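Some notes on the structure that comes next.
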Amino acid sequence: MRFSPDAPRGAMDYLFIELMLWGRREGYRWFNLGMAPLSGLESHPLAPAWHRVGNFIFRHGEHFYNFDGLRRYKTKFAPSWEPRYLVARGGIALPRVLVDVSVLIAGGMKELFAR
């Protein structure tokens, strides 16, 4: 979601709540807030290597994407979190897929590095 810095505080919350209320009136049972990329990965010492890489990016990748902020924002709506998995070939394929997904989320390569 994008908004202007001079938008009223709480405008996104208001919009989501109004959408949820509208959906309820229309008979919808669920509202999908989307994903919180790289959150919820295993973090113990024996976690798979890609989980450790993902956790590192989640903790230190704020320059490129607000991973933690997105998770915290969505958490206030008390969502039912469900894991989603990304499957890729081994080797260099996974980092390339992650870059492609990041560019898709950001809206383009330029936007990925615009922060």
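By convention in this document, the chains of the structure tokens carry letters A, B, ... by their order, each chain's residues are numbered from 1, and ligands are numbered from 1 in the order they are shown.
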Which stretch 22-58 of chain A residues have any atom within 8 Å of an atom of stretch 71-88 of chain A, and for each, what is the nearest pair of atoms with distance in Å to one decimal, counting only C-alpha atoms, rows sorted by chain and number, as a Markdown table?
```
| residue | atom | partner | partner_atom | distance |
| --- | --- | --- | --- | --- |
| A:Leu33 | CA | A:Lys74 | CA | 7.0 |
| A:Ala36 | CA | A:Arg71 | CA | 5.3 |
| A:Ser39 | CA | A:Arg71 | CA | 7.2 |
```
task: For A:Arg29, work out the shell of residues within 10 Å, counting only C-alpha atoms and skipping chain neighbours fewer than 5 positions away, then give it as a PyMOL selection string.
output: chain A and resi 20+23-24
Could you turn the residues from that selection into a file that holds N, CA and C atoms, as a tab-separated table (two decimals), in the first residue's frame?
```tsv
chain	number	residue	atom	x	y	z
A	20	MET	N	-13.00	-4.26	5.77
A	20	MET	CA	-13.43	-5.43	6.53
A	20	MET	C	-14.92	-5.36	6.87
A	23	GLY	N	-16.89	-5.98	3.73
A	23	GLY	CA	-16.86	-7.39	3.41
A	23	GLY	C	-17.81	-8.20	4.28
A	24	ARG	N	-17.85	-7.88	5.57
A	24	ARG	CA	-18.78	-8.58	6.46
A	24	ARG	C	-20.22	-8.37	6.02
```
For stretch 24-78 of chain A against stretch 96-107 of chain A, with a cut-off of 12 Å and counting only C-alpha atoms, what is the closest atom pair and its distance in Å to one decimal for every residue that makes the cut, ordered by chain and number, as JSON lines?
```
{"residue": "A:Gly34", "atom": "CA", "partner": "A:Ile105", "partner_atom": "CA", "distance": 11.4}
{"residue": "A:Met35", "atom": "CA", "partner": "A:Ile105", "partner_atom": "CA", "distance": 10.7}
{"residue": "A:Ala36", "atom": "CA", "partner": "A:Ile105", "partner_atom": "CA", "distance": 11.4}
{"residue": "A:Pro37", "atom": "CA", "partner": "A:Ser102", "partner_atom": "CA", "distance": 9.5}
{"residue": "A:Leu38", "atom": "CA", "partner": "A:Leu98", "partner_atom": "CA", "distance": 10.5}
{"residue": "A:Trp50", "atom": "CA", "partner": "A:Leu98", "partner_atom": "CA", "distance": 11.3}
{"residue": "A:Val53", "atom": "CA", "partner": "A:Leu98", "partner_atom": "CA", "distance": 11.5}
{"residue": "A:Gly54", "atom": "CA", "partner": "A:Leu98", "partner_atom": "CA", "distance": 10.0}
{"residue": "A:Ile57", "atom": "CA", "partner": "A:Leu98", "partner_atom": "CA", "distance": 11.0}
{"residue": "A:Gly61", "atom": "CA", "partner": "A:Ser102", "partner_atom": "CA", "distance": 11.5}
{"residue": "A:Phe64", "atom": "CA", "partner": "A:Ser102", "partner_atom": "CA", "distance": 8.9}
{"residue": "A:Tyr65", "atom": "CA", "partner": "A:Ala106", "partner_atom": "CA", "distance": 8.3}
{"residue": "A:Asn66", "atom": "CA", "partner": "A:Ala106", "partner_atom": "CA", "distance": 10.9}
{"residue": "A:Phe67", "atom": "CA", "partner": "A:Ser102", "partner_atom": "CA", "distance": 11.3}
```
message: Among chain A, which ones does DSSP assign to alpha helix (DSSP H) (computed from the backbone)? Answer as an MDAnalysis selection string.
response: chainID A and resid 11:25 49:60 67:75 93:106 109:112
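One distance worth recording is that between atom CA of A:Arg59 and atom CA of A:Phe31, which is 27.4 Å.
Counting only C-alpha atoms, the residue from A:Leu46, A:Leu112, A:Ala7, A:Leu15 that sits nearest to A:His63 is A:Leu112.
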message: Can you measure atom CA of A:Glu111 to atom CA of A:Arg52 for me? One decimal in Å is fine.
response: 26.0 Å
